[in-house]
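Asker: One structure coming up, written as structure tokens, with questions to follow.
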Amino acid sequence: MSDTPARLLQLLSLLQTPREWPGSELAEKLGVSDRTVRRDIDRLRELGYPVEATLGVTGGYRLTAGAAMPPLVLDDEEAIAIAVGLRAAAGQAVAGIEEASVRALAKLEQVLPAKLRRRVRVIGAATATFSPAGPTADPEVLATVAATITNHERVRFAYRDAKGAESRRNIEPIGLATNQRRWYLVGFDLDRQAWRSFRVDRVESPQPTGARFTPRELPAADAAAYIAGDRTDWGTRTYRVDVIIHAPSYRVAGRVGDQPGEITAIDTETCRMTGERDDAPEWLAAQLISLGFELEVRDSPELTAELRAAGDRITRALTGK
């Protein structure tokens, strides 16, 4: 075998079998000389693999435990077994290992060949595991989102709120965290220009966009602290809204109102949006205009100012003045 990288991978795979390998046996399996085996062993040691050699008639080489875990070489069946186990652990939110399971699953699924990924999904779908009461996160969604966090890559997905209303989100994902056996994604919502948290069991069809970003400073120590409420942005400027929208509530919910109680039906053709907002007033004004329905702003100086400014811009565009 003249391809050195391929030979090193095959040698590493042999050494990861828990036994001691005589140099002559390794040379025979690799189709090289004993001297080449010794050089390859030295290369593995330089890469951080702790290969121990023993002398004598029964001596040989074996891989031992080191100070840090080096990369592993897995065959197909080993990779499938580990991926299925990680998916099960990620879905269970077992205290202490759930986040590590998701990180490991994301790394593994990124490099699995397509045929192995399909086998993992088939086995996962056919395997029943005990789950606590309540909704559970899809491990595939968790793995996809975790990969975008690691890669600092924007992600789009559909999101269903507590009332079942669906919206599309474009997020700079920062972290995943569990709270009371539920998974949450924390990220900066680019459309709303505000930090948001999302229950992962309500996230559907996440799609990495390929667009990289520089992480913003999260207003908390980490994602877990943000979910727990240990945030530093509670002093962020908020504003109150009270708007009558001449449209059925189902046409509005999820497009400008995401929290329970924000959008309430007045009758079959009219609804009302009320509450405190912490996103940008200019974003909400643009979203309300894009609805295409008649509006009545009852109480919101900030929103009124933004709507007036938008109206002035539209007038200038139409009149050229």
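Residues in the structure tokens are named by chain (A, B, ... in the order shown) and by number from 1 within that chain; ligands are numbered from 1 in the order shown.
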Using only C-alpha atoms, determine which residues lie at most 6 Å from A:Glu166, disregarding the query and same-chain residues fewer than 2 positions distant; provide the list as an mmCIF file with C-alpha atoms, in the first residue's frame.

Answerer:
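Final output, around36.cif:
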data_model
loop_
_atom_site.group_PDB
_atom_site.id
_atom_site.type_symbol
_atom_site.label_atom_id
_atom_site.label_comp_id
_atom_site.auth_asym_id
_atom_site.auth_seq_id
_atom_site.Cartn_x
_atom_site.Cartn_y
_atom_site.Cartn_z
ATOM 1 C CA TYR A 159 -41.726 27.629 14.061
ATOM 2 C CA ARG A 160 -45.080 26.848 15.689
ATOM 3 C CA GLY A 254 -47.413 34.262 13.860
#

Asker: Residues at most 10 Å from A:Arg212, counting only C-alpha atoms, excluding those fewer than 3 positions away in the same chain, as a PyMOL selection string?

Answerer: chain A and resi 148+151-155+172+208-209+215

Asker: Could the residues in this selection be written to a file with N, CA and C atoms, as a compact mmCIF listing (two decimals), in the first residue's frame?

Answerer:
# COMPACT_ATOMS: atom_id res chain seq x y z
N THR A 148 -25.05 24.18 13.08
CA THR A 148 -25.02 25.59 12.69
C THR A 148 -24.43 26.46 13.80
N ASN A 151 -20.66 25.97 13.57
CA ASN A 151 -20.10 26.58 12.36
C ASN A 151 -20.37 28.07 12.26
N HIS A 152 -21.07 28.66 13.26
CA HIS A 152 -21.46 30.08 13.19
C HIS A 152 -22.17 30.35 11.87
N GLU A 153 -23.20 29.56 11.61
CA GLU A 153 -23.92 29.62 10.33
C GLU A 153 -25.40 29.94 10.59
N ARG A 154 -25.93 30.89 9.86
CA ARG A 154 -27.34 31.24 10.01
C ARG A 154 -28.23 30.07 9.60
N VAL A 155 -29.40 30.00 10.24
CA VAL A 155 -30.31 28.89 9.97
C VAL A 155 -31.73 29.42 9.85
N GLU A 172 -29.49 33.77 13.87
CA GLU A 172 -28.07 33.53 14.14
C GLU A 172 -28.03 32.71 15.44
N PRO A 208 -29.68 25.06 7.20
CA PRO A 208 -28.51 25.94 7.24
C PRO A 208 -28.44 26.76 5.96
N THR A 209 -28.17 28.06 6.08
CA THR A 209 -28.17 28.93 4.90
C THR A 209 -26.82 29.02 4.21
N PRO A 215 -20.52 35.93 16.02
CA PRO A 215 -21.48 35.90 17.12
C PRO A 215 -21.58 37.22 17.87

Asker: Might you pull out every residue within 8 Å of A:Gly187, with only C-alpha atoms counted and same-chain residues fewer than 3 positions away left off, and present them as a list in words?

Answerer: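 Everything that qualifies: Ile171, Glu172, Pro173, Ile174, Gly175, Trp195, Arg196 and Ser197 of chain A.
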
Asker: For stretch 173-217 of chain A against stretch 269-279 of chain A, with a cut-off of 9 Å and counting only C-alpha atoms, what is the closest atom pair and its distance in Å to one decimal for every residue that makes the cut, ordered by chain and number, as JSON lines?

Answerer:
{"residue": "A:Arg192", "atom": "CA", "partner": "A:Asp279", "partner_atom": "CA", "distance": 5.8}
{"residue": "A:Gln193", "atom": "CA", "partner": "A:Asp279", "partner_atom": "CA", "distance": 6.1}
{"residue": "A:Ala194", "atom": "CA", "partner": "A:Asp279", "partner_atom": "CA", "distance": 5.4}
{"residue": "A:Trp195", "atom": "CA", "partner": "A:Asp279", "partner_atom": "CA", "distance": 8.5}

Asker: I need the chosen residues saved as a short mmCIF file (atom, residue, chain, number, x, y, z; two decimals), in the first residue's frame, with all heavy atoms.

Answerer:
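Saved the output as out_38.cif:
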data_model
loop_
_atom_site.label_atom_id
_atom_site.label_comp_id
_atom_site.auth_asym_id
_atom_site.auth_seq_id
_atom_site.Cartn_x
_atom_site.Cartn_y
_atom_site.Cartn_z
N ARG A 192 -36.65 40.19 13.46
CA ARG A 192 -37.18 40.95 14.58
C ARG A 192 -36.11 41.80 15.28
O ARG A 192 -36.43 42.58 16.17
CB ARG A 192 -37.86 40.01 15.58
CG ARG A 192 -39.13 39.42 15.00
CD ARG A 192 -39.47 38.08 15.60
NE ARG A 192 -40.70 37.56 15.04
CZ ARG A 192 -40.80 36.98 13.84
NH1 ARG A 192 -39.72 36.86 13.08
NH2 ARG A 192 -41.95 36.52 13.40
N GLN A 193 -34.86 41.59 14.88
CA GLN A 193 -33.74 42.34 15.47
C GLN A 193 -33.77 42.26 17.00
O GLN A 193 -33.66 43.27 17.70
CB GLN A 193 -33.76 43.79 15.00
CG GLN A 193 -33.31 43.99 13.57
CD GLN A 193 -31.85 43.62 13.36
OE1 GLN A 193 -30.94 44.25 13.92
NE2 GLN A 193 -31.60 42.59 12.55
N ALA A 194 -33.90 41.02 17.49
CA ALA A 194 -33.96 40.82 18.94
C ALA A 194 -33.56 39.40 19.27
O ALA A 194 -33.66 38.50 18.43
CB ALA A 194 -35.38 41.09 19.46
N TRP A 195 -33.08 39.20 20.51
CA TRP A 195 -32.77 37.86 20.99
C TRP A 195 -34.06 37.10 21.23
O TRP A 195 -35.04 37.66 21.71
CB TRP A 195 -31.95 37.92 22.28
CG TRP A 195 -30.56 38.42 22.08
CD1 TRP A 195 -30.09 39.67 22.34
CD2 TRP A 195 -29.46 37.68 21.56
NE1 TRP A 195 -28.77 39.77 22.00
CE2 TRP A 195 -28.35 38.55 21.52
CE3 TRP A 195 -29.31 36.36 21.12
CZ2 TRP A 195 -27.11 38.15 21.06
CZ3 TRP A 195 -28.07 35.96 20.67
CH2 TRP A 195 -26.98 36.85 20.64
#

Asker: Can you work out the spacing between atom CA of A:Leu176 and atom CA of A:Ala143 in Å, to one decimal?

Answerer: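 If I compute the distance from atom CA of A:Leu176 to atom CA of A:Ala143, I get 10.6 Å.
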
Asker: What's around A:Leu307 at 10 Å? Count only C-alpha atoms, leave out sequence neighbours fewer than 5 positions away in its own chain, and write the answer as a list in words.

Answerer: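 Final neighbour list, sorted by chain and number: Pro281, Glu282, Leu284, Ala285, Ala286, Leu288, Ile289, Val297, Pro301, Glu302, Asp312 and Arg313 of chain A.
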
Asker: At a cut-off of 8 Å, can you tabulate as a tab-separated table every residue of stretch 134-188 of chain A near stretch 224-227 of chain A together with its closest atom pair and the distance in Å to one decimal, using only C-alpha atoms and ordering rows by chain then number?

Answerer:
residue	atom	partner	partner_atom	distance
A:Leu176	CA	A:Ala224	CA	7.4
A:Ala177	CA	A:Ala224	CA	5.0
A:Thr178	CA	A:Ala224	CA	7.0
A:Asn179	CA	A:Ile227	CA	7.4
A:Tyr184	CA	A:Ile227	CA	7.6
A:Val186	CA	A:Tyr226	CA	7.8

Asker: With distances taken over only C-alpha atoms, which residue among A:Arg251, A:Arg118, A:Arg43, A:Arg182 lies nearest A:Phe293?

Answerer: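 Of the candidates, the smallest distance to A:Phe293 is held by A:Arg251.
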
Asker: Would you work out the distance separating atom CA of A:Phe213 from atom CA of A:Arg169, expressed in Å to one decimal?

Answerer: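 Between atom CA of A:Phe213 and atom CA of A:Arg169 the gap works out to 16.0 Å.
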
Asker: Can you work out the spacing between atom CA of A:Val141 and atom CA of A:Asp201 in Å, to one decimal?

Answerer: 8.6 Å

Asker: Where in stretch 135-320 of chain A does DSSP assign strand (DSSP E), given as a PyMOL selection string?

Answerer: chain A and resi 153-160+166-179+182-189+194-199+203-212+239-245+263-267+270-277+295-297
